[in-house]
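model_30.txt, holding compact mmCIF, C-alpha atoms and all ligand atoms:
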```txt
# COMPACT_ATOMS: atom_id res chain seq x y z
CA MET I 1271 15.51 -3.39 31.49
CA GLN I 1272 12.26 -1.67 32.36
CA TYR I 1273 10.72 0.38 29.57
CA LEU I 1274 7.74 2.68 29.34
CA VAL I 1275 5.82 2.54 26.07
CA THR I 1276 3.33 5.40 25.70
CA GLY I 1277 0.64 4.51 23.19
CA GLY I 1278 1.43 0.82 23.73
CA CYS I 1279 -2.18 -0.23 23.05
CA GLY I 1280 -2.04 1.22 19.54
CA PHE I 1281 -0.97 -0.25 16.26
CA ILE I 1282 2.82 0.31 16.33
CA GLY I 1283 3.12 0.40 20.12
CA SER I 1284 1.53 -3.00 20.66
CA HIS I 1285 3.97 -4.67 18.25
CA LEU I 1286 6.85 -2.96 20.05
CA VAL I 1287 5.57 -4.21 23.41
CA ASP I 1288 5.50 -7.77 22.06
CA LYS I 1289 9.12 -7.51 20.94
CA LEU I 1290 10.36 -5.97 24.19
CA LEU I 1291 8.67 -8.68 26.25
CA ALA I 1292 10.00 -11.42 23.95
CA ASP I 1293 13.50 -10.00 24.52
CA GLY I 1294 13.07 -10.35 28.29
CA HIS I 1295 12.40 -6.71 29.25
CA SER I 1296 9.70 -5.44 31.62
CA VAL I 1297 7.18 -3.15 29.99
CA LEU I 1298 4.83 -0.54 31.39
CA VAL I 1299 2.25 0.94 29.01
CA LEU I 1300 0.62 4.34 29.42
CA ASP I 1301 -2.35 4.79 27.10
CA ASP I 1302 -5.73 6.54 27.23
CA LEU I 1303 -7.31 3.96 24.88
CA SER I 1304 -8.61 6.75 22.63
CA THR I 1305 -7.57 4.97 19.43
CA GLY I 1306 -5.80 1.94 20.91
CA SER I 1307 -7.37 -1.12 22.49
CA LEU I 1308 -6.60 -3.52 25.32
CA ASP I 1309 -7.23 -6.31 22.79
CA ASN I 1310 -3.90 -5.34 21.21
CA LEU I 1311 -1.98 -5.45 24.46
CA ASN I 1312 0.19 -8.38 25.49
CA PRO I 1313 -1.10 -9.54 28.91
CA GLU I 1314 2.46 -9.66 30.25
CA ALA I 1315 2.74 -5.88 30.06
CA GLU I 1316 1.75 -3.69 32.98
CA PHE I 1317 -0.91 -1.18 31.98
CA VAL I 1318 -1.84 2.25 33.29
CA ARG I 1319 -4.73 4.11 31.74
CA GLY I 1320 -3.87 7.80 31.55
CA CYS I 1321 -3.55 10.77 29.28
CA ILE I 1322 -0.22 12.06 28.07
CA THR I 1323 -1.44 15.62 28.68
CA ASP I 1324 -1.46 14.87 32.43
CA GLN I 1325 2.07 15.60 33.70
CA ALA I 1326 1.45 13.83 37.03
CA ALA I 1327 0.39 10.64 35.24
CA VAL I 1328 3.48 10.79 33.04
CA ASP I 1329 5.79 11.47 36.00
CA ALA I 1330 4.36 8.49 37.88
CA ALA I 1331 4.74 6.18 34.87
CA MET I 1332 8.36 7.28 34.34
CA ARG I 1333 9.46 6.85 37.94
CA ASN I 1334 11.45 3.61 37.61
CA VAL I 1335 12.09 3.18 33.92
CA ASP I 1336 15.42 2.82 32.11
CA GLY I 1337 14.07 4.29 28.90
CA VAL I 1338 10.88 5.48 27.26
CA PHE I 1339 9.41 4.84 23.83
CA HIS I 1340 7.00 7.71 23.24
CA LEU I 1341 4.40 6.72 20.66
CA ALA I 1342 1.18 8.12 22.13
CA ALA I 1343 -0.24 10.69 19.74
CA ILE I 1344 -3.20 11.49 17.55
CA ALA I 1345 -1.79 9.87 14.43
CA SER I 1346 -4.26 11.24 11.92
CA VAL I 1347 -3.13 14.17 9.78
CA ALA I 1348 -6.73 14.98 8.79
CA ARG I 1349 -7.88 14.99 12.42
CA SER I 1350 -5.06 17.35 13.43
CA ASN I 1351 -6.45 19.97 11.07
CA GLU I 1352 -9.98 19.55 12.41
CA GLU I 1353 -9.06 19.41 16.13
CA TRP I 1354 -6.11 21.79 16.08
CA SER I 1355 -5.84 22.76 19.76
CA TRP I 1356 -6.47 19.31 21.18
CA THR I 1357 -4.10 17.50 18.84
CA HIS I 1358 -1.46 20.12 19.66
CA LYS I 1359 -1.82 19.36 23.39
CA VAL I 1360 -1.50 15.64 22.81
CA ASN I 1361 1.13 15.64 20.09
CA LEU I 1362 3.47 18.38 21.29
CA THR I 1363 2.70 19.16 24.96
CA GLY I 1364 2.51 15.40 25.57
CA PHE I 1365 6.05 15.02 24.23
CA VAL I 1366 7.32 17.83 26.47
CA HIS I 1367 5.75 16.10 29.47
CA VAL I 1368 7.65 12.91 28.64
CA ALA I 1369 10.95 14.73 28.12
CA ASP I 1370 10.45 16.74 31.30
CA ALA I 1371 9.84 13.55 33.26
CA ALA I 1372 13.02 12.03 31.75
CA ARG I 1373 15.14 14.86 33.18
CA ALA I 1374 15.56 13.39 36.64
CA ARG I 1375 17.07 10.10 35.44
CA LYS I 1376 18.36 11.29 32.07
CA CYS I 1377 16.91 8.15 30.59
CA PRO I 1378 16.86 7.84 26.79
CA VAL I 1379 13.73 8.98 24.96
CA VAL I 1380 12.97 7.33 21.62
CA TYR I 1381 9.94 8.99 20.04
CA ALA I 1382 7.77 8.89 16.93
CA SER I 1383 8.31 11.80 14.61
CA SER I 1384 6.93 11.65 11.09
CA ALA I 1385 7.58 12.11 7.39
CA ALA I 1386 4.86 14.76 7.67
CA ILE I 1387 7.53 17.22 8.90
CA TYR I 1388 8.80 17.44 5.28
CA GLY I 1389 5.42 18.73 4.04
CA ASP I 1390 5.73 20.28 0.60
CA ASN I 1391 9.49 19.92 0.34
CA CYS I 1392 9.85 18.45 -3.16
CA ALA I 1393 13.39 17.06 -2.82
CA LEU I 1394 13.03 13.35 -3.47
CA PRO I 1395 14.06 11.11 -1.86
CA LEU I 1396 13.79 13.18 1.34
CA SER I 1397 16.83 13.05 3.56
CA GLU I 1398 17.24 14.25 7.13
CA THR I 1399 19.19 17.32 5.99
CA ASP I 1400 16.34 18.53 3.77
CA GLU I 1401 14.34 21.49 5.00
CA PRO I 1402 11.26 20.69 7.09
CA ARG I 1403 8.22 22.38 5.56
CA PRO I 1404 5.19 20.98 7.42
CA MET I 1405 1.81 21.74 5.88
CA THR I 1406 -0.44 20.46 8.64
CA ALA I 1407 -0.90 20.86 12.38
CA TYR I 1408 0.27 17.27 12.77
CA GLY I 1409 3.50 17.88 10.84
CA ALA I 1410 4.16 21.13 12.71
CA ASP I 1411 3.75 19.39 16.08
CA LYS I 1412 6.01 16.49 15.12
CA LEU I 1413 8.65 19.01 14.09
CA GLY I 1414 8.07 20.69 17.44
CA CYS I 1415 8.84 17.37 19.15
CA GLU I 1416 12.17 17.27 17.33
CA LEU I 1417 13.00 20.82 18.43
CA HIS I 1418 12.16 19.99 22.04
CA GLY I 1419 14.12 16.76 21.65
CA ARG I 1420 17.11 18.94 20.84
CA VAL I 1421 16.45 21.13 23.88
CA GLY I 1422 16.15 18.01 26.03
CA ALA I 1423 19.60 16.90 24.91
CA LEU I 1424 21.36 20.28 24.94
CA ILE I 1425 19.96 21.72 28.16
CA HIS I 1426 19.04 18.65 30.18
CA GLY I 1427 21.43 15.95 28.94
CA ILE I 1428 18.66 13.55 27.87
CA PRO I 1429 19.59 11.33 24.89
CA THR I 1430 16.71 11.75 22.41
CA THR I 1431 16.09 9.90 19.16
CA GLY I 1432 13.31 10.97 16.81
CA LEU I 1433 12.21 8.42 14.24
CA ARG I 1434 10.55 9.98 11.21
CA PHE I 1435 8.23 7.15 10.32
CA PHE I 1436 6.97 7.20 6.77
CA ASN I 1437 3.66 5.37 6.15
CA VAL I 1438 3.54 2.40 8.48
CA TYR I 1439 1.17 -0.52 7.86
CA GLY I 1440 0.55 -4.07 9.04
CA PRO I 1441 -1.64 -6.18 11.33
CA ARG I 1442 -3.61 -4.39 14.12
CA GLN I 1443 -3.84 -1.08 12.27
CA ASP I 1444 -7.45 -0.13 12.96
CA PRO I 1445 -9.43 0.42 9.73
CA LYS I 1446 -12.62 1.58 11.43
CA SER I 1447 -12.15 5.36 11.40
CA PRO I 1448 -12.21 7.52 8.26
CA TYR I 1449 -8.89 8.82 9.62
CA SER I 1450 -7.22 5.39 9.58
CA GLY I 1451 -4.15 4.57 7.48
CA VAL I 1452 -4.94 3.98 3.81
CA ILE I 1453 -3.71 0.38 3.67
CA SER I 1454 -5.87 -0.68 6.62
CA ILE I 1455 -8.92 0.96 5.01
CA PHE I 1456 -8.27 -0.52 1.56
CA ALA I 1457 -7.68 -4.03 2.96
CA ASP I 1458 -10.86 -3.83 5.03
CA ARG I 1459 -12.99 -2.56 2.15
CA VAL I 1460 -11.67 -5.09 -0.35
CA MET I 1461 -12.47 -7.89 2.08
CA ARG I 1462 -16.01 -6.56 2.50
CA GLY I 1463 -16.44 -6.12 -1.26
CA GLU I 1464 -16.91 -2.35 -0.84
CA PRO I 1465 -15.56 0.30 -3.24
CA LEU I 1466 -12.25 2.01 -2.51
CA LYS I 1467 -12.23 5.80 -2.16
CA VAL I 1468 -9.17 7.55 -3.55
CA PHE I 1469 -8.73 11.18 -2.50
CA GLY I 1470 -7.39 13.21 -5.42
CA ASP I 1471 -6.12 11.64 -8.63
CA GLY I 1472 -4.34 8.77 -6.88
CA HIS I 1473 -0.97 9.74 -8.31
CA GLN I 1474 0.24 10.87 -4.89
CA THR I 1475 2.96 8.56 -3.58
CA ARG I 1476 3.91 7.20 -0.19
CA ASP I 1477 6.87 5.22 1.15
CA PHE I 1478 5.07 2.33 2.89
CA VAL I 1479 7.04 0.68 5.66
CA TYR I 1480 6.04 -2.57 7.34
CA VAL I 1481 5.43 -2.48 11.10
CA GLY I 1482 7.88 -5.33 11.82
CA ASP I 1483 10.67 -3.26 10.28
CA VAL I 1484 9.61 -0.20 12.28
CA VAL I 1485 9.77 -2.15 15.54
CA ARG I 1486 13.32 -3.29 14.73
CA CYS I 1487 14.29 0.37 14.24
CA LEU I 1488 12.69 1.44 17.53
CA ASP I 1489 14.56 -1.30 19.35
CA ALA I 1490 17.87 -0.48 17.65
CA ALA I 1491 17.48 3.20 18.54
CA MET I 1492 17.05 2.35 22.23
CA GLN I 1493 19.91 -0.17 22.26
CA THR I 1494 22.36 2.31 20.69
CA PRO I 1495 21.75 5.52 22.62
CA VAL I 1496 24.13 8.38 22.06
CA ARG I 1497 24.62 11.65 23.83
CA GLY I 1498 22.64 14.41 22.20
CA ALA I 1499 19.68 14.52 19.87
CA ARG I 1500 19.37 12.67 16.60
CA VAL I 1501 16.68 12.03 14.00
CA PHE I 1502 16.33 9.31 11.39
CA ASN I 1503 14.02 8.58 8.51
CA VAL I 1504 12.33 5.19 8.88
CA CYS I 1505 11.50 4.33 5.31
CA THR I 1506 12.29 1.97 2.47
CA GLY I 1507 13.29 4.45 -0.24
CA ARG I 1508 10.59 3.04 -2.53
CA ALA I 1509 7.43 4.86 -3.65
CA THR I 1510 3.97 3.46 -4.28
CA SER I 1511 1.14 5.58 -5.69
CA ILE I 1512 -2.31 5.30 -4.13
CA ARG I 1513 -3.68 4.08 -7.50
CA GLU I 1514 -1.06 1.36 -7.61
CA LEU I 1515 -1.78 0.51 -3.97
CA ALA I 1516 -5.48 -0.04 -4.75
CA HIS I 1517 -4.45 -2.51 -7.42
CA LEU I 1518 -1.90 -4.29 -5.18
CA VAL I 1519 -4.39 -4.75 -2.34
CA MET I 1520 -6.95 -6.26 -4.73
CA MET I 1521 -4.28 -8.57 -6.17
CA ALA I 1522 -3.14 -9.72 -2.73
CA ALA I 1523 -6.74 -10.34 -1.62
CA GLY I 1524 -7.66 -12.05 -4.88
CA ARG I 1525 -10.77 -9.96 -5.42
CA GLU I 1526 -11.74 -6.79 -7.26
CA VAL I 1527 -13.87 -3.86 -6.13
CA ALA I 1528 -14.72 -0.50 -7.73
CA VAL I 1529 -12.37 2.47 -7.23
CA ARG I 1530 -13.95 5.93 -6.78
CA TYR I 1531 -12.04 9.19 -7.05
CA LEU I 1532 -13.00 11.99 -4.65
CA GLU I 1533 -11.72 15.47 -3.87
CA ALA I 1534 -8.14 15.63 -2.53
CA ARG I 1535 -7.66 16.13 1.22
CA ALA I 1536 -6.51 19.55 2.46
CA GLY I 1537 -2.74 19.60 2.97
CA ASP I 1538 -2.29 16.16 1.43
CA ILE I 1539 1.35 15.61 0.52
CA HIS I 1540 1.83 14.85 -3.16
CA ALA I 1541 5.04 12.84 -3.11
CA SER I 1542 6.70 11.21 -0.12
CA ILE I 1543 9.76 9.00 -0.48
CA GLY I 1544 12.44 8.80 2.17
CA ASP I 1545 16.18 8.30 1.98
CA PRO I 1546 17.07 5.48 4.41
CA ARG I 1547 20.88 5.88 4.25
CA ARG I 1548 21.39 7.60 7.62
CA LEU I 1549 19.36 4.90 9.33
CA ARG I 1550 21.32 2.15 7.63
CA SER I 1551 24.68 3.63 8.52
CA ALA I 1552 23.71 4.03 12.20
CA PHE I 1553 21.96 0.70 12.76
CA GLY I 1554 23.36 -1.51 9.98
CA PHE I 1555 19.99 -2.19 8.38
CA LYS I 1556 17.02 -0.49 6.78
CA PRO I 1557 13.41 -1.55 6.32
CA GLU I 1558 13.35 -4.20 3.61
CA THR I 1559 9.83 -5.66 3.50
CA SER I 1560 8.33 -4.88 0.09
CA VAL I 1561 4.75 -3.65 -0.13
CA GLY I 1562 3.82 -6.87 -1.92
CA THR I 1563 5.22 -9.07 0.87
CA GLY I 1564 3.86 -6.84 3.62
CA LEU I 1565 0.38 -6.83 2.10
CA MET I 1566 0.39 -10.61 1.93
CA GLN I 1567 1.35 -10.74 5.62
CA LEU I 1568 -1.37 -8.25 6.52
CA LEU I 1569 -4.05 -10.08 4.55
CA SER I 1570 -3.05 -13.45 5.89
CA SER I 1571 -3.33 -12.04 9.45
CA LEU I 1572 -6.89 -11.10 8.47
CA GLY I 1573 -7.52 -14.69 7.46
CA VAL I 1574 -7.46 -14.28 3.70
CA GLY I 1575 -3.94 -15.51 2.97
CA GLU I 1576 -5.14 -18.71 1.38
CA LYS I 1577 -7.14 -16.68 -1.15
CA ALA I 1578 -4.13 -14.64 -2.20
CA ALA I 1579 -2.64 -15.29 -5.61
P1 LIG A 1601 -2.41 4.47 16.98
O1 LIG A 1601 -3.53 5.47 16.98
O2 LIG A 1601 -2.72 3.06 16.66
O3 LIG A 1601 -1.62 4.50 18.35
C1 LIG A 1601 -1.56 5.64 19.18
C2 LIG A 1601 -1.78 5.19 20.62
O4 LIG A 1601 -1.68 6.34 21.46
C3 LIG A 1601 -3.18 4.60 20.85
O5 LIG A 1601 -3.11 3.43 21.62
C4 LIG A 1601 -3.93 5.70 21.58
O6 LIG A 1601 -4.97 5.21 22.41
C5 LIG A 1601 -2.79 6.36 22.34
N1 LIG A 1601 -3.08 7.75 22.66
C6 LIG A 1601 -3.59 8.70 21.85
N2 LIG A 1601 -3.75 9.85 22.51
C7 LIG A 1601 -3.31 9.61 23.78
C8 LIG A 1601 -3.23 10.41 24.94
N3 LIG A 1601 -3.66 11.69 24.94
N4 LIG A 1601 -2.73 9.87 26.07
C9 LIG A 1601 -2.31 8.57 26.10
N5 LIG A 1601 -2.40 7.76 25.03
C10 LIG A 1601 -2.88 8.28 23.88
O7 LIG A 1601 -1.32 5.06 15.96
P2 LIG A 1601 0.03 4.43 15.41
O8 LIG A 1601 -0.11 4.35 13.94
O9 LIG A 1601 0.40 3.22 16.18
O10 LIG A 1601 1.04 5.62 15.72
C11 LIG A 1601 2.01 5.53 16.77
C12 LIG A 1601 2.92 6.75 16.67
O11 LIG A 1601 3.61 6.76 15.43
C13 LIG A 1601 2.19 8.09 16.76
O12 LIG A 1601 3.03 9.00 17.45
C14 LIG A 1601 2.08 8.53 15.31
O13 LIG A 1601 1.97 9.93 15.18
C15 LIG A 1601 3.39 8.00 14.77
N6 LIG A 1601 3.42 7.77 13.34
C16 LIG A 1601 2.61 6.82 12.79
C17 LIG A 1601 2.70 6.60 11.40
C18 LIG A 1601 1.84 5.58 10.72
O14 LIG A 1601 1.93 5.50 9.47
N7 LIG A 1601 1.04 4.79 11.42
C19 LIG A 1601 3.60 7.33 10.63
C20 LIG A 1601 4.37 8.32 11.24
C21 LIG A 1601 4.30 8.52 12.60
C1 LIG A 1602 0.29 8.85 7.53
C2 LIG A 1602 -0.01 8.60 9.00
C3 LIG A 1602 0.62 9.67 9.83
C4 LIG A 1602 2.10 9.73 9.47
C5 LIG A 1602 2.31 9.97 7.98
C6 LIG A 1602 3.79 9.88 7.61
C7 LIG A 1602 -2.05 7.39 9.58
C8 LIG A 1602 -3.52 7.47 9.84
N1 LIG A 1602 -1.43 8.56 9.24
O1 LIG A 1602 -0.34 10.07 7.07
O2 LIG A 1602 0.48 9.35 11.22
O3 LIG A 1602 2.77 10.68 10.23
O4 LIG A 1602 1.67 8.92 7.28
O5 LIG A 1602 3.95 9.99 6.24
O6 LIG A 1602 -1.46 6.35 9.65
N2 LIG A 1602 -6.18 8.01 1.06
C9 LIG A 1602 -7.08 7.62 0.10
N3 LIG A 1602 -8.18 6.90 0.49
C10 LIG A 1602 -8.41 6.55 1.78
C11 LIG A 1602 -7.46 6.95 2.77
C12 LIG A 1602 -6.36 7.69 2.38
O7 LIG A 1602 -6.93 7.94 -1.08
O8 LIG A 1602 -9.42 5.87 2.05
C13 LIG A 1602 -4.99 8.73 0.62
C14 LIG A 1602 -4.73 10.03 1.37
O9 LIG A 1602 -5.40 11.11 0.74
C15 LIG A 1602 -3.20 10.15 1.22
C16 LIG A 1602 -2.73 8.69 1.25
O10 LIG A 1602 -3.86 7.90 0.92
O11 LIG A 1602 -2.84 10.71 -0.02
C17 LIG A 1602 -2.20 8.27 2.61
O12 LIG A 1602 -3.16 8.67 3.58
P1 LIG A 1602 -3.08 8.17 5.12
O13 LIG A 1602 -2.94 6.71 5.16
O14 LIG A 1602 -4.20 8.82 5.85
O15 LIG A 1602 -1.66 8.70 5.56
P2 LIG A 1602 -0.91 10.11 5.57
O16 LIG A 1602 -1.84 11.27 5.49
O17 LIG A 1602 0.20 10.01 4.58
```
Go ahead and render the structure in this file as structure tokens.
Ligand code: NAD
Ligand code: UD1
Amino acid sequence: MQYLVTGGCGFIGSHLVDKLLADGHSVLVLDDLSTGSLDNLNPEAEFVRGCITDQAAVDAAMRNVDGVFHLAAIASVARSNEEWSWTHKVNLTGFVHVADAARARKCPVVYASSAAIYGDNCALPLSETDEPRPMTAYGADKLGCELHGRVGALIHGIPTTGLRFFNVYGPRQDPKSPYSGVISIFADRVMRGEPLKVFGDGHQTRDFVYVGDVVRCLDAAMQTPVRGARVFNVCTGRATSIRELAHLVMMAAGREVAVRYLEARAGDIHASIGDPRRLRSAFGFKPETSVGTGLMQLLSSLGVGEKAA
């Protein structure tokens, strides 16, 4: 099969590209390299540099594909609040461009939604039937993608699958920006012997899911398309607090650094734990890699595995 992966030079997208190529598929990547890098990209993939806000570029990339994995987005919640209009264009209009381009061939669209759509909904663990209550521009736009995914299925007959990723981590997650995922930042700082910054009291929790598990879910969603629109949590069902995470990263790296507590981020979700049962019943598995195991894999990819306890 021939697949388009938008955002295929990014953290999650580049792992997906590796899997698709290993399974014998052809892969075209559309990416503007704004947060991704060609260093991440498997040389066997075909690459087009372009922006998801450009409908003509999306149409051209979609011309011959059997399915699209839409991962291109501005993944930072904090950045979405600071750059509201631009992130909206990328994160929601970009999705509509992809769905619109899928109309002609009715090819399946598997796209990244997010746990951020649940916002301040306190029902834990969060299941797909719980009310979306986004608190940030990012969460609102991801929910918008799901609504347009429904329109794509109902009006245009495009099979759409939204995967509500919880907090994904693993090798190739870029730690360099202040907006990067917390695990990538903590691992990088511990390795450099720099203090960890915790925003808020550190009692906020996240359901951390390893990138290898996420890629299996993306693949399963494409291989089992259905008519209509569907959404799934991609999560483990287990919570880790940011305080606990700081400790676990230091343990896995075998070194200690100071931990500093700073003001909480605006719109930061207090507790986020997903219910993986719908995913498991549809695909026959759920993410299983524990944070301890995943951290060891991440740190060993950074060359510190032999130091780990
Ligand atoms: P990432 O920043 O590593 O990857 C995003 C990719 O999209 C990058 O290669 C970037 O260059 C590209 N991109 C950004 N804007 C673009 C544009 N306008 N046009 C074309 N390409 C563009 O982030 P990631 O963590 O790999 O996230 C992938 C997807 O998963 C995103 O949709 C994100 O919102 C979603 N997601 C991520 C997490 C997580 O914990 N990492 C959780 C939930 C959802
Ligand atoms: C993350 C993803 C987002 C996804 C969402 C799903 C990234 C960059 N963001 O958002 O795409 O949709 O999960 O749940 O991957 N923190 C610190 N110190 C730091 C960095 C972060 O204490 O140095 C805290 C944050 O305040 C937050 C938690 O760690 O409480 C997680 O932050 P972050 O990794 O940025 O992810 P989310 O905001 O949950």
Contact residues around Glu1416 in chain I with only C-alpha atoms at 12 Å, ignoring same-chain residues under 2 positions, as JSON, numbers by chain
{"I": [1361, 1362, 1365, 1366, 1369, 1379, 1380, 1381, 1382, 1383, 1384, 1387, 1398, 1402, 1409, 1410, 1411, 1412, 1413, 1414, 1418, 1419, 1420, 1421, 1422, 1423, 1430, 1431, 1432, 1433, 1434, 1498, 1499, 1500, 1501, 1502]}
Distance filter 6 Å around ligand LIG 1602 (chain A), atoms: all atoms listed in the file, out as a compact mmCIF listing (two decimals) with C-alpha atoms, in the coordinates of the input:
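Output saved as selection-v3.txt:
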```txt
# COMPACT_ATOMS: atom_id res chain seq x y z
CA ALA I 1345 -1.79 9.87 14.43
CA SER I 1346 -4.26 11.24 11.92
CA VAL I 1347 -3.13 14.17 9.78
CA SER I 1384 6.93 11.65 11.09
CA ALA I 1385 7.58 12.11 7.39
CA ALA I 1386 4.86 14.76 7.67
CA PHE I 1435 8.23 7.15 10.32
CA PHE I 1436 6.97 7.20 6.77
CA ASN I 1437 3.66 5.37 6.15
CA TYR I 1449 -8.89 8.82 9.62
CA SER I 1450 -7.22 5.39 9.58
CA GLY I 1451 -4.15 4.57 7.48
CA VAL I 1452 -4.94 3.98 3.81
CA ILE I 1455 -8.92 0.96 5.01
CA LYS I 1467 -12.23 5.80 -2.16
CA VAL I 1468 -9.17 7.55 -3.55
CA PHE I 1469 -8.73 11.18 -2.50
CA GLN I 1474 0.24 10.87 -4.89
CA ILE I 1512 -2.31 5.30 -4.13
CA ARG I 1535 -7.66 16.13 1.22
CA ASP I 1538 -2.29 16.16 1.43
```
Env of Gly1564 in chain I: 12 Å cut, atoms = all atoms listed in the file, seq-sep filter 6 positions within chain, self excluded. Answer as JSON, numbers by chain.
{"I": [1438, 1439, 1440, 1441, 1453, 1454, 1457, 1478, 1479, 1480, 1481, 1482, 1483, 1515, 1518, 1519, 1522, 1557, 1558, 1570, 1571, 1575]}
Could you give me, as a PyMOL selection string, every polymer residue with an atom at most 6 Å away from an atom of ligand LIG 1601 (chain A), counting all atoms listed in the file?
chain I and resi 1277-1283+1301-1306+1320-1323+1341-1345+1360+1382-1384+1435-1438
A straight line from CA of Ala1536 in chain I to CA of Glu1514 in chain I spans 21.5 Å
Any idea what's packed within 6 Å of Leu1300 in chain I, counting only C-alpha atoms, ignoring anything in its chain fewer than 4 positions away? Could you give it as a VMD selection string?
chain I and resid 1276 1318 to 1319
Convert the current residue selection to file output with C-alpha atoms, as a CSV table (one decimal), in the coordinates of the input.
```csv
chain,number,residue,atom,x,y,z
I,1276,THR,CA,3.3,5.4,25.7
I,1318,VAL,CA,-1.8,2.2,33.3
I,1319,ARG,CA,-4.7,4.1,31.7
```
Expected answer as a PyMOL selection string: all residues with atoms within 10 Å of (-12.0, -7.5, 4.8), only C-alpha atoms
chain I and resi 1445+1454-1464+1523+1569+1572-1574
If we count only C-alpha atoms and set the cut-off at 7 Å, which residues sit around Gly1470 in chain I, ignoring sequence neighbours fewer than 2 positions away in its own chain? Please answer as a list in words.
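The filter keeps Val1468, Gly1472, Tyr1531, Leu1532, Glu1533 and Ala1534 of chain I.
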Can you list, as a list in words, every protein, DNA or RNA residue that comes within 6 Å of Arg1476 in chain I when you count only C-alpha atoms, leaving out same-chain residues fewer than 2 positions away?
Phe1478, Ala1509, Thr1510 and Ser1542 of chain I
Length of the CA of Ala1326 in chain I to CA of Trp1356 in chain I vector [Å]
18.5 Å
Identify which of the residues I:His1473, I:Arg1349, I:Lys1556, I:Arg1497 lies closest to His1540 in chain I, counting all atoms listed in the file when measuring atom-to-atom distances.
I:His1473
Go through I:Ser1296, I:Ser1284, I:Asn1391, I:Asn1312 and flag the residue nearest Val1484 in chain I, using all atoms listed in the file for the distances.
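Selected residue with least distance to Val1484 in chain I: I:Ser1284.
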Expressed in Å, the length from CA of Cys1392 in chain I to CA of Arg1530 in chain I is 27.1 Å
In terms of the shortest atom-to-atom distance over all atoms listed in the file, which of I:His1426, I:Arg1403, I:Arg1508, I:His1367 is closest to Ile1543 in chain I?
I:Arg1508
